[in-house]
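Q: Dropping in run-v6.txt, with compact mmCIF, C-alpha atoms and all ligand atoms.
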# COMPACT_ATOMS: atom_id res chain seq x y z
CA MET A 1 1.84 16.75 -2.77
CA ARG A 2 1.00 15.40 0.66
CA ARG A 3 -2.05 13.79 2.27
CA ALA A 4 -2.76 12.85 5.85
CA PHE A 5 -4.28 9.48 6.74
CA GLY A 6 -4.90 9.79 10.47
CA ALA A 7 -1.53 10.58 12.06
CA VAL A 8 0.45 9.47 9.00
CA ALA A 9 1.52 11.82 6.20
CA VAL A 10 1.99 10.30 2.74
CA GLU A 11 3.77 12.41 0.15
CA CYS A 12 5.11 12.20 -3.38
CA VAL A 13 8.24 14.04 -4.47
CA MET A 14 10.36 13.95 -7.60
CA GLY A 15 13.98 13.07 -6.91
CA ASP A 16 16.62 10.49 -6.08
CA VAL A 17 16.07 8.04 -3.23
CA THR A 18 19.76 8.24 -2.29
CA SER A 19 19.55 11.94 -1.42
CA GLN A 20 16.67 11.95 1.10
CA ASP A 21 18.69 13.21 4.05
CA ASP A 22 15.69 14.16 6.23
CA VAL A 23 14.24 10.63 6.58
CA GLU A 24 15.42 7.87 8.90
CA ALA A 25 15.15 5.05 6.39
CA VAL A 26 15.20 4.56 2.66
CA VAL A 27 13.95 1.52 0.76
CA ASN A 28 15.98 -0.40 -1.78
CA ALA A 29 14.35 -2.05 -4.82
CA ALA A 30 16.63 -4.99 -4.23
CA ASN A 31 17.54 -8.20 -6.03
CA ALA A 32 17.13 -11.56 -4.29
CA ARG A 33 20.80 -11.81 -3.31
CA LEU A 34 20.90 -8.24 -1.94
CA GLU A 35 23.83 -7.43 -4.19
CA PRO A 36 24.56 -4.23 -6.09
CA GLY A 37 22.63 -4.18 -9.38
CA GLY A 38 21.20 -1.53 -11.69
CA GLY A 39 18.54 1.11 -10.98
CA VAL A 40 17.83 1.95 -7.35
CA ALA A 41 19.96 -0.93 -6.02
CA GLY A 42 22.98 0.22 -8.01
CA ALA A 43 22.57 3.82 -6.83
CA ILE A 44 22.10 2.78 -3.19
CA HIS A 45 25.13 0.46 -3.14
CA ARG A 46 27.30 3.08 -4.87
CA ALA A 47 26.33 5.74 -2.36
CA ALA A 48 26.50 3.42 0.66
CA GLY A 49 29.85 1.85 -0.20
CA PRO A 50 31.06 -1.78 -0.21
CA ALA A 51 30.33 -2.37 3.49
CA LEU A 52 26.62 -2.45 2.61
CA ALA A 53 27.01 -5.51 0.36
CA GLU A 54 29.02 -7.22 3.10
CA GLU A 55 26.31 -6.61 5.68
CA ALA A 56 23.44 -7.45 3.34
CA ARG A 57 24.69 -10.58 1.56
CA PRO A 58 24.27 -12.99 4.51
CA LEU A 59 20.64 -11.83 4.91
CA GLY A 60 19.76 -13.11 1.42
CA PRO A 61 18.48 -14.66 -0.68
CA ILE A 62 15.00 -13.21 -0.14
CA LYS A 63 11.77 -14.01 -1.97
CA PRO A 64 9.41 -11.57 -3.75
CA GLY A 65 7.46 -9.60 -1.13
CA GLU A 66 10.04 -10.08 1.63
CA ALA A 67 12.08 -7.32 3.30
CA VAL A 68 15.23 -7.13 5.43
CA ILE A 69 16.92 -4.21 7.16
CA THR A 70 20.53 -3.01 7.33
CA SER A 71 22.30 0.10 8.46
CA ALA A 72 22.75 2.85 5.87
CA HIS A 73 26.56 3.09 5.78
CA GLY A 74 27.49 6.05 3.50
CA LEU A 75 23.90 7.13 2.89
CA PRO A 76 22.60 10.10 4.91
CA ASN A 77 20.01 7.92 6.73
CA ARG A 78 20.03 5.43 9.61
CA TYR A 79 18.63 2.38 7.86
CA ILE A 80 18.03 0.80 4.50
CA VAL A 81 15.12 -1.62 4.10
CA HIS A 82 15.74 -3.96 1.17
CA THR A 83 12.66 -5.45 -0.46
CA LEU A 84 12.33 -7.69 -3.51
CA GLY A 85 9.49 -6.70 -5.82
CA PRO A 86 7.78 -9.13 -8.19
CA VAL A 87 8.95 -9.42 -11.79
CA TYR A 88 5.85 -8.37 -13.74
CA GLY A 89 4.31 -11.28 -15.65
CA GLN A 90 6.48 -13.81 -13.87
CA ASP A 91 6.07 -13.67 -10.07
CA ARG A 92 2.36 -14.14 -9.37
CA PRO A 93 0.04 -12.86 -8.07
CA GLU A 94 2.00 -9.68 -8.70
CA ALA A 95 -0.32 -7.24 -6.94
CA GLU A 96 -0.31 -9.37 -3.79
CA LEU A 97 3.48 -9.68 -3.85
CA LEU A 98 3.95 -5.96 -4.47
CA ALA A 99 1.58 -5.12 -1.61
CA ALA A 100 3.59 -7.49 0.62
CA CYS A 101 6.75 -5.48 -0.15
CA TYR A 102 5.12 -2.33 1.27
CA ARG A 103 3.49 -4.12 4.22
CA ASN A 104 6.64 -6.01 5.23
CA THR A 105 8.81 -2.91 4.84
CA LEU A 106 6.47 -0.89 7.07
CA ALA A 107 6.38 -3.74 9.62
CA LEU A 108 10.19 -3.65 9.81
CA ALA A 109 10.07 0.13 10.15
CA GLU A 110 7.69 -0.23 13.10
CA GLU A 111 9.88 -2.87 14.79
CA ASN A 112 12.87 -0.56 14.47
CA ARG A 113 10.99 2.53 15.70
CA ILE A 114 11.47 4.35 12.43
CA GLU A 115 9.39 7.52 12.09
CA SER A 116 10.09 8.50 8.48
CA ILE A 117 10.77 6.40 5.41
CA ALA A 118 11.22 6.98 1.67
CA PHE A 119 10.23 4.43 -0.99
CA PRO A 120 11.12 4.32 -4.67
CA ALA A 121 8.48 2.84 -7.00
CA ILE A 122 9.32 -0.83 -6.37
CA SER A 123 9.22 -3.15 -9.44
CA THR A 124 8.50 -0.36 -11.96
CA GLY A 125 11.97 -0.30 -13.55
CA ILE A 126 13.86 -3.41 -14.58
CA PHE A 127 11.04 -5.62 -13.21
CA GLY A 128 8.55 -4.09 -15.67
CA TYR A 129 5.49 -3.37 -13.49
CA PRO A 130 3.36 -0.71 -15.25
CA VAL A 131 3.68 2.49 -13.23
CA GLU A 132 0.02 3.36 -12.73
CA GLU A 133 -0.91 -0.19 -11.75
CA ALA A 134 2.00 -0.29 -9.31
CA ALA A 135 1.13 3.14 -7.89
CA ARG A 136 -2.43 1.99 -7.09
CA VAL A 137 -1.12 -1.05 -5.23
CA ALA A 138 1.64 0.87 -3.44
CA LEU A 139 -0.38 3.88 -2.32
CA GLY A 140 -3.50 1.81 -1.56
CA THR A 141 -1.50 -0.58 0.62
CA VAL A 142 0.16 2.26 2.51
CA ARG A 143 -3.20 3.99 3.04
CA ASP A 144 -4.76 0.75 4.36
CA LYS A 145 -1.89 0.20 6.78
CA ALA A 146 -1.67 3.81 8.00
CA ASP A 147 -4.25 3.38 10.78
CA ARG A 148 -2.25 0.63 12.44
CA LEU A 149 1.13 2.40 12.39
CA GLU A 150 2.34 3.46 15.81
CA ARG A 151 5.82 4.77 14.97
CA VAL A 152 5.90 5.67 11.30
CA ARG A 153 4.62 9.20 10.75
CA LEU A 154 5.98 10.12 7.30
CA ILE A 155 5.93 7.91 4.20
CA ARG A 156 7.51 9.52 1.13
CA PHE A 157 7.40 8.18 -2.41
CA VAL A 158 10.43 9.38 -4.37
CA LEU A 159 9.80 9.28 -8.11
CA PHE A 160 12.66 9.49 -10.53
CA GLY A 161 10.98 11.25 -13.46
CA GLU A 162 8.21 13.74 -14.05
CA SER A 163 5.73 11.31 -15.60
CA ASP A 164 6.10 8.77 -12.75
CA PHE A 165 5.71 11.64 -10.29
CA GLU A 166 2.53 12.87 -11.99
CA VAL A 167 1.00 9.37 -12.02
CA HIS A 168 1.68 8.94 -8.29
CA GLU A 169 0.25 12.38 -7.51
CA LYS A 170 -2.91 11.55 -9.42
CA VAL A 171 -3.32 8.19 -7.68
CA LEU A 172 -2.62 9.68 -4.24
CA SER A 173 -5.09 12.53 -4.73
CA GLY A 174 -7.75 10.04 -5.94
CA LEU A 175 -7.56 7.72 -2.92
CA PRO A 176 -10.70 7.66 -0.80
N1 LIG B 1 15.92 7.15 -7.02
C1 LIG B 1 14.60 6.96 -7.18
N2 LIG B 1 14.06 6.17 -8.13
C2 LIG B 1 14.91 5.56 -8.98
C3 LIG B 1 16.32 5.70 -8.88
C4 LIG B 1 16.82 6.54 -7.86
N3 LIG B 1 18.13 6.74 -7.68
N4 LIG B 1 16.88 4.94 -9.87
C5 LIG B 1 15.87 4.36 -10.55
N5 LIG B 1 14.68 4.74 -10.02
P1 LIG B 1 14.52 -0.42 -10.46
P2 LIG B 1 12.87 -2.83 -9.91
C6 LIG B 1 13.31 4.34 -10.39
O1 LIG B 1 14.87 -0.99 -11.80
O2 LIG B 1 12.01 -2.61 -11.09
C7 LIG B 1 18.04 -3.84 -10.00
O3 LIG B 1 19.02 -4.16 -10.90
C8 LIG B 1 13.13 3.67 -11.73
O4 LIG B 1 12.95 4.65 -12.74
O5 LIG B 1 15.60 0.12 -9.61
O6 LIG B 1 12.23 -3.22 -8.59
C9 LIG B 1 18.00 -4.79 -8.82
O7 LIG B 1 19.26 -5.37 -8.63
C10 LIG B 1 11.89 2.85 -11.50
O8 LIG B 1 10.71 3.66 -11.67
O9 LIG B 1 13.79 -1.56 -9.53
C11 LIG B 1 16.96 -5.81 -9.21
O10 LIG B 1 17.51 -6.88 -9.92
C12 LIG B 1 11.95 2.46 -10.02
O11 LIG B 1 12.90 3.36 -9.45
C13 LIG B 1 16.03 -5.05 -10.12
O12 LIG B 1 16.78 -3.98 -10.63
C14 LIG B 1 12.39 1.04 -9.75
O13 LIG B 1 13.38 0.65 -10.70
C15 LIG B 1 14.84 -4.47 -9.39
O14 LIG B 1 13.94 -3.93 -10.32
Re-express the file's structure as structure tokens.
A:
Amino acid sequence: MRRAFGAVAVECVMGDVTSQDDVEAVVNAANARLEPGGGVAGAIHRAAGPALAEEARPLGPIKPGEAVITSAHGLPNRYIVHTLGPVYGQDRPEAELLAACYRNTLALAEENRIESIAFPAISTGIFGYPVEEAARVALGTVRDKADRLERVRLIRFVLFGESDFEVHEKVLSGLP
């Protein structure tokens, strides 16, 4: 499903964030040291190859809510934006930190003249953020920022499973 907020399209798809070959940038649910890990980070580093860790490591460590950008190496995109989500129940205030991930990632996209970007559901895996709560923060933040985007024209949320996809669709369709 897809909605337009001014000139910006926001869509939800079910799939794998490492196989979004029609967007300029993909977002990594990174760890602080920007190293390969599990989940999205593991999949991105596997697909990108070892040169990604070499490029990324000197840019870390990063704090929850921060974002940095690298090239995409073996992925079919131009850039990867790496952002560190909050660990639910530990990094507080979690909603503010999660919103900062989306805002800072979109700010980097603007600086780098990126027109299309695909996000996974940051913090909702190993970091334990409940999916619906996270979806409200993520989609609400993107909607609020859409008006001020001058370059970014497509924001895609790539959800790994059917239930996460359905939750995001419901939240996106319910946004004012
Ligand atoms: N494509 C799209 N979504 C995915 C994929 C994929 N290939 N793989 C998993 N997901 P997570 P976090 C979903 O754990 O919670 C890492 O070890 C997954 O089902 O990747 O921010 C890092 O090194 C979940 O809904 O990220 C960090 O230490 C969502 O993506 C830590 O985990 C995010 O899951 C980051 O934890």
Q: Residues within 10 Å of ligand LIG 1 (chain B) should be enumerated using all atoms listed in the file and returned as a PDB file with C-alpha atoms, keeping the file's coordinate frame.
A:
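Ended up saving to selection13.pdb:
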ATOM      1  CA  VAL A  13       8.240  14.040  -4.470  1.00  0.00           C
ATOM      2  CA  MET A  14      10.360  13.950  -7.600  1.00  0.00           C
ATOM      3  CA  GLY A  15      13.980  13.070  -6.910  1.00  0.00           C
ATOM      4  CA  ASP A  16      16.620  10.490  -6.080  1.00  0.00           C
ATOM      5  CA  VAL A  17      16.070   8.040  -3.230  1.00  0.00           C
ATOM      6  CA  THR A  18      19.760   8.240  -2.290  1.00  0.00           C
ATOM      7  CA  SER A  19      19.550  11.940  -1.420  1.00  0.00           C
ATOM      8  CA  GLN A  20      16.670  11.950   1.100  1.00  0.00           C
ATOM      9  CA  VAL A  27      13.950   1.520   0.760  1.00  0.00           C
ATOM     10  CA  ASN A  28      15.980  -0.400  -1.780  1.00  0.00           C
ATOM     11  CA  ALA A  29      14.350  -2.050  -4.820  1.00  0.00           C
ATOM     12  CA  ALA A  30      16.630  -4.990  -4.230  1.00  0.00           C
ATOM     13  CA  ASN A  31      17.540  -8.200  -6.030  1.00  0.00           C
ATOM     14  CA  ALA A  32      17.130 -11.560  -4.290  1.00  0.00           C
ATOM     15  CA  ARG A  33      20.800 -11.810  -3.310  1.00  0.00           C
ATOM     16  CA  LEU A  34      20.900  -8.240  -1.940  1.00  0.00           C
ATOM     17  CA  GLU A  35      23.830  -7.430  -4.190  1.00  0.00           C
ATOM     18  CA  PRO A  36      24.560  -4.230  -6.090  1.00  0.00           C
ATOM     19  CA  GLY A  37      22.630  -4.180  -9.380  1.00  0.00           C
ATOM     20  CA  GLY A  38      21.200  -1.530 -11.690  1.00  0.00           C
ATOM     21  CA  GLY A  39      18.540   1.110 -10.980  1.00  0.00           C
ATOM     22  CA  VAL A  40      17.830   1.950  -7.350  1.00  0.00           C
ATOM     23  CA  ALA A  41      19.960  -0.930  -6.020  1.00  0.00           C
ATOM     24  CA  GLY A  42      22.980   0.220  -8.010  1.00  0.00           C
ATOM     25  CA  ALA A  43      22.570   3.820  -6.830  1.00  0.00           C
ATOM     26  CA  ILE A  44      22.100   2.780  -3.190  1.00  0.00           C
ATOM     27  CA  HIS A  45      25.130   0.460  -3.140  1.00  0.00           C
ATOM     28  CA  ALA A  47      26.330   5.740  -2.360  1.00  0.00           C
ATOM     29  CA  THR A  83      12.660  -5.450  -0.460  1.00  0.00           C
ATOM     30  CA  LEU A  84      12.330  -7.690  -3.510  1.00  0.00           C
ATOM     31  CA  GLY A  85       9.490  -6.700  -5.820  1.00  0.00           C
ATOM     32  CA  PRO A  86       7.780  -9.130  -8.190  1.00  0.00           C
ATOM     33  CA  VAL A  87       8.950  -9.420 -11.790  1.00  0.00           C
ATOM     34  CA  TYR A  88       5.850  -8.370 -13.740  1.00  0.00           C
ATOM     35  CA  LEU A  98       3.950  -5.960  -4.470  1.00  0.00           C
ATOM     36  CA  ALA A 118      11.220   6.980   1.670  1.00  0.00           C
ATOM     37  CA  PHE A 119      10.230   4.430  -0.990  1.00  0.00           C
ATOM     38  CA  PRO A 120      11.120   4.320  -4.670  1.00  0.00           C
ATOM     39  CA  ALA A 121       8.480   2.840  -7.000  1.00  0.00           C
ATOM     40  CA  ILE A 122       9.320  -0.830  -6.370  1.00  0.00           C
ATOM     41  CA  SER A 123       9.220  -3.150  -9.440  1.00  0.00           C
ATOM     42  CA  THR A 124       8.500  -0.360 -11.960  1.00  0.00           C
ATOM     43  CA  GLY A 125      11.970  -0.300 -13.550  1.00  0.00           C
ATOM     44  CA  ILE A 126      13.860  -3.410 -14.580  1.00  0.00           C
ATOM     45  CA  PHE A 127      11.040  -5.620 -13.210  1.00  0.00           C
ATOM     46  CA  GLY A 128       8.550  -4.090 -15.670  1.00  0.00           C
ATOM     47  CA  TYR A 129       5.490  -3.370 -13.490  1.00  0.00           C
ATOM     48  CA  PRO A 130       3.360  -0.710 -15.250  1.00  0.00           C
ATOM     49  CA  VAL A 131       3.680   2.490 -13.230  1.00  0.00           C
ATOM     50  CA  ALA A 134       2.000  -0.290  -9.310  1.00  0.00           C
ATOM     51  CA  PHE A 157       7.400   8.180  -2.410  1.00  0.00           C
ATOM     52  CA  VAL A 158      10.430   9.380  -4.370  1.00  0.00           C
ATOM     53  CA  LEU A 159       9.800   9.280  -8.110  1.00  0.00           C
ATOM     54  CA  PHE A 160      12.660   9.490 -10.530  1.00  0.00           C
ATOM     55  CA  GLY A 161      10.980  11.250 -13.460  1.00  0.00           C
ATOM     56  CA  SER A 163       5.730  11.310 -15.600  1.00  0.00           C
ATOM     57  CA  ASP A 164       6.100   8.770 -12.750  1.00  0.00           C
ATOM     58  CA  PHE A 165       5.710  11.640 -10.290  1.00  0.00           C
TER      59      PHE A 165
END
Q: For region 76-81 of chain A, take all atoms listed in the file, fit an axis-aligned box around them, add 6 Å to each of the six sides, then output centre and edge lengths in Å rounded to one decimal, as AutoDock Vina command-line options.
A:
--center_x 18.9 --center_y 4.2 --center_z 6.9 --size_x 19.5 --size_y 23.7 --size_z 17.5
Q: Give me, please, the distance in Å between CA of Glu162 (chain A) and CA of Val10 (chain A), quoted to one decimal.
A: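 Going from CA of Glu162 (chain A) over to CA of Val10 (chain A) covers 18.2 Å.
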Q: Do a neighbour search on region 135-144 of chain A at 10 Å with only C-alpha atoms, toss out local chain neighbours closer than 4 positions, and write the hits as an MDAnalysis selection string.
A: chainID A and resid 3:6 8:11 94:103 106 119 121:122 124 129:131 148:149 155 157 164:165 167:172 174:176
Q: To one decimal in Å, tell me the separation between CA of Ser173 (chain A) and CA of Gly89 (chain A).
A: 27.8 Å
Q: Using Å and a single decimal, report how far CA of Pro76 (chain A) sits from CA of Cys12 (chain A).
A: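 That distance, rounded to one decimal, is 19.5 Å.
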Q: Determine the nearest neighbour of Ile62 (chain A) from the options A:His82, A:Pro50, A:Lys145, A:Thr105, counting only C-alpha atoms.
A: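 Once distances to Ile62 (chain A) are computed over only C-alpha atoms, the minimum belongs to A:His82.
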Q: Ile117 (chain A): which residues within 7 Å, counting all atoms listed in the file, same-chain residues fewer than 6 positions away excluded, as a PyMOL selection string?
A: chain A and resi 23-26+154-156
Q: Mind dumping the selected residues with C-alpha atoms as a PDB file, in the frame of the given file?
A:
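Result went into again30.pdb, see below:
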ATOM      1  CA  VAL A  23      14.240  10.630   6.580  1.00  0.00           C
ATOM      2  CA  GLU A  24      15.420   7.870   8.900  1.00  0.00           C
ATOM      3  CA  ALA A  25      15.150   5.050   6.390  1.00  0.00           C
ATOM      4  CA  VAL A  26      15.200   4.560   2.660  1.00  0.00           C
ATOM      5  CA  LEU A 154       5.980  10.120   7.300  1.00  0.00           C
ATOM      6  CA  ILE A 155       5.930   7.910   4.200  1.00  0.00           C
ATOM      7  CA  ARG A 156       7.510   9.520   1.130  1.00  0.00           C
TER       8      ARG A 156
END
Q: Measuring atom to atom with all atoms listed in the file, identify which of A:Ala67, A:Val81, A:Met1, A:Ala7 is nearest to Arg151 (chain A).
A: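 Looking at the shortest contact to Arg151 (chain A), the residue is A:Ala7.
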Q: Quick one: everything within 8 Å of Ala72 (chain A), counting all atoms listed in the file, minus sequence neighbours fewer than 6 positions away in the same chain. Send it as JSON, numbers by chain.
A: {"A": [25, 48, 52, 78, 79, 80]}
Q: Since the input lacks atoms, please generate all heavy atoms for region 12-23 of chain A and provide them as a PDB file, in the frame of the given file.
A:
ATOM      1  N   CYS A  12       4.395  12.549  -2.162  1.00  0.00           N
ATOM      2  CA  CYS A  12       5.110  12.200  -3.380  1.00  0.00           C
ATOM      3  C   CYS A  12       6.039  13.350  -3.728  1.00  0.00           C
ATOM      4  O   CYS A  12       5.613  14.515  -3.713  1.00  0.00           O
ATOM      5  CB  CYS A  12       4.149  12.036  -4.555  1.00  0.00           C
ATOM      6  SG  CYS A  12       3.008  10.681  -4.354  1.00  0.00           S
ATOM      7  N   VAL A  13       7.298  13.018  -4.019  1.00  0.00           N
ATOM      8  CA  VAL A  13       8.240  14.040  -4.470  1.00  0.00           C
ATOM      9  C   VAL A  13       8.982  13.485  -5.692  1.00  0.00           C
ATOM     10  O   VAL A  13       9.062  12.273  -5.885  1.00  0.00           O
ATOM     11  CB  VAL A  13       9.279  14.423  -3.381  1.00  0.00           C
ATOM     12  CG1 VAL A  13       8.588  14.898  -2.106  1.00  0.00           C
ATOM     13  CG2 VAL A  13      10.220  13.273  -3.067  1.00  0.00           C
ATOM     14  N   MET A  14       9.520  14.392  -6.497  1.00  0.00           N
ATOM     15  CA  MET A  14      10.360  13.950  -7.600  1.00  0.00           C
ATOM     16  C   MET A  14      11.793  14.022  -7.103  1.00  0.00           C
ATOM     17  O   MET A  14      12.172  14.984  -6.439  1.00  0.00           O
ATOM     18  CB  MET A  14      10.148  14.869  -8.803  1.00  0.00           C
ATOM     19  CG  MET A  14      10.628  14.257 -10.080  1.00  0.00           C
ATOM     20  SD  MET A  14       9.884  15.034 -11.515  1.00  0.00           S
ATOM     21  CE  MET A  14      10.513  16.675 -11.362  1.00  0.00           C
ATOM     22  N   GLY A  15      12.597  12.999  -7.367  1.00  0.00           N
ATOM     23  CA  GLY A  15      13.980  13.070  -6.910  1.00  0.00           C
ATOM     24  C   GLY A  15      14.655  11.718  -6.910  1.00  0.00           C
ATOM     25  O   GLY A  15      14.203  10.780  -7.569  1.00  0.00           O
ATOM     26  N   ASP A  16      15.752  11.661  -6.140  1.00  0.00           N
ATOM     27  CA  ASP A  16      16.620  10.490  -6.080  1.00  0.00           C
ATOM     28  C   ASP A  16      16.530   9.921  -4.656  1.00  0.00           C
ATOM     29  O   ASP A  16      16.717  10.660  -3.680  1.00  0.00           O
ATOM     30  CB  ASP A  16      18.050  10.949  -6.385  1.00  0.00           C
ATOM     31  CG  ASP A  16      19.033   9.795  -6.463  1.00  0.00           C
ATOM     32  OD1 ASP A  16      18.875   8.803  -5.721  1.00  0.00           O
ATOM     33  OD2 ASP A  16      19.981   9.916  -7.255  1.00  0.00           O
ATOM     34  N   VAL A  17      16.265   8.639  -4.555  1.00  0.00           N
ATOM     35  CA  VAL A  17      16.070   8.040  -3.230  1.00  0.00           C
ATOM     36  C   VAL A  17      17.358   8.021  -2.403  1.00  0.00           C
ATOM     37  O   VAL A  17      17.308   7.897  -1.181  1.00  0.00           O
ATOM     38  CB  VAL A  17      15.407   6.638  -3.366  1.00  0.00           C
ATOM     39  CG1 VAL A  17      16.420   5.579  -3.760  1.00  0.00           C
ATOM     40  CG2 VAL A  17      14.661   6.241  -2.104  1.00  0.00           C
ATOM     41  N   THR A  18      18.503   8.216  -3.055  1.00  0.00           N
ATOM     42  CA  THR A  18      19.760   8.240  -2.290  1.00  0.00           C
ATOM     43  C   THR A  18      20.074   9.625  -1.713  1.00  0.00           C
ATOM     44  O   THR A  18      21.084   9.787  -1.036  1.00  0.00           O
ATOM     45  CB  THR A  18      20.971   7.796  -3.150  1.00  0.00           C
ATOM     46  OG1 THR A  18      21.157   8.738  -4.205  1.00  0.00           O
ATOM     47  CG2 THR A  18      20.780   6.417  -3.706  1.00  0.00           C
ATOM     48  N   SER A  19      19.249  10.624  -1.996  1.00  0.00           N
ATOM     49  CA  SER A  19      19.550  11.940  -1.420  1.00  0.00           C
ATOM     50  C   SER A  19      18.414  12.465  -0.551  1.00  0.00           C
ATOM     51  O   SER A  19      18.144  13.663  -0.529  1.00  0.00           O
ATOM     52  CB  SER A  19      19.945  12.937  -2.512  1.00  0.00           C
ATOM     53  OG  SER A  19      19.061  12.870  -3.574  1.00  0.00           O
ATOM     54  N   GLN A  20      17.778  11.563   0.199  1.00  0.00           N
ATOM     55  CA  GLN A  20      16.670  11.950   1.100  1.00  0.00           C
ATOM     56  C   GLN A  20      17.245  12.053   2.515  1.00  0.00           C
ATOM     57  O   GLN A  20      17.076  11.162   3.345  1.00  0.00           O
ATOM     58  CB  GLN A  20      15.551  10.916   1.025  1.00  0.00           C
ATOM     59  CG  GLN A  20      15.034  10.683  -0.382  1.00  0.00           C
ATOM     60  CD  GLN A  20      14.468  11.943  -1.012  1.00  0.00           C
ATOM     61  OE1 GLN A  20      13.651  12.632  -0.391  1.00  0.00           O
ATOM     62  NE2 GLN A  20      14.888  12.259  -2.228  1.00  0.00           N
ATOM     63  N   ASP A  21      17.941  13.178   2.793  1.00  0.00           N
ATOM     64  CA  ASP A  21      18.690  13.210   4.050  1.00  0.00           C
ATOM     65  C   ASP A  21      17.842  13.560   5.268  1.00  0.00           C
ATOM     66  O   ASP A  21      18.345  13.546   6.386  1.00  0.00           O
ATOM     67  CB  ASP A  21      19.920  14.125   3.928  1.00  0.00           C
ATOM     68  CG  ASP A  21      19.551  15.511   3.472  1.00  0.00           C
ATOM     69  OD1 ASP A  21      18.345  15.829   3.424  1.00  0.00           O
ATOM     70  OD2 ASP A  21      20.472  16.284   3.152  1.00  0.00           O
ATOM     71  N   ASP A  22      16.547  13.834   5.082  1.00  0.00           N
ATOM     72  CA  ASP A  22      15.690  14.160   6.230  1.00  0.00           C
ATOM     73  C   ASP A  22      14.793  12.996   6.639  1.00  0.00           C
ATOM     74  O   ASP A  22      13.863  13.191   7.410  1.00  0.00           O
ATOM     75  CB  ASP A  22      14.850  15.405   5.917  1.00  0.00           C
ATOM     76  CG  ASP A  22      13.972  15.212   4.697  1.00  0.00           C
ATOM     77  OD1 ASP A  22      14.266  14.312   3.864  1.00  0.00           O
ATOM     78  OD2 ASP A  22      12.972  15.933   4.566  1.00  0.00           O
ATOM     79  N   VAL A  23      15.035  11.783   6.129  1.00  0.00           N
ATOM     80  CA  VAL A  23      14.240  10.630   6.580  1.00  0.00           C
ATOM     81  C   VAL A  23      15.168   9.604   7.240  1.00  0.00           C
ATOM     82  O   VAL A  23      16.346   9.519   6.918  1.00  0.00           O
ATOM     83  CB  VAL A  23      13.440   9.957   5.434  1.00  0.00           C
ATOM     84  CG1 VAL A  23      12.375  10.896   4.909  1.00  0.00           C
ATOM     85  CG2 VAL A  23      14.356   9.467   4.323  1.00  0.00           C
TER      86      VAL A  23
END
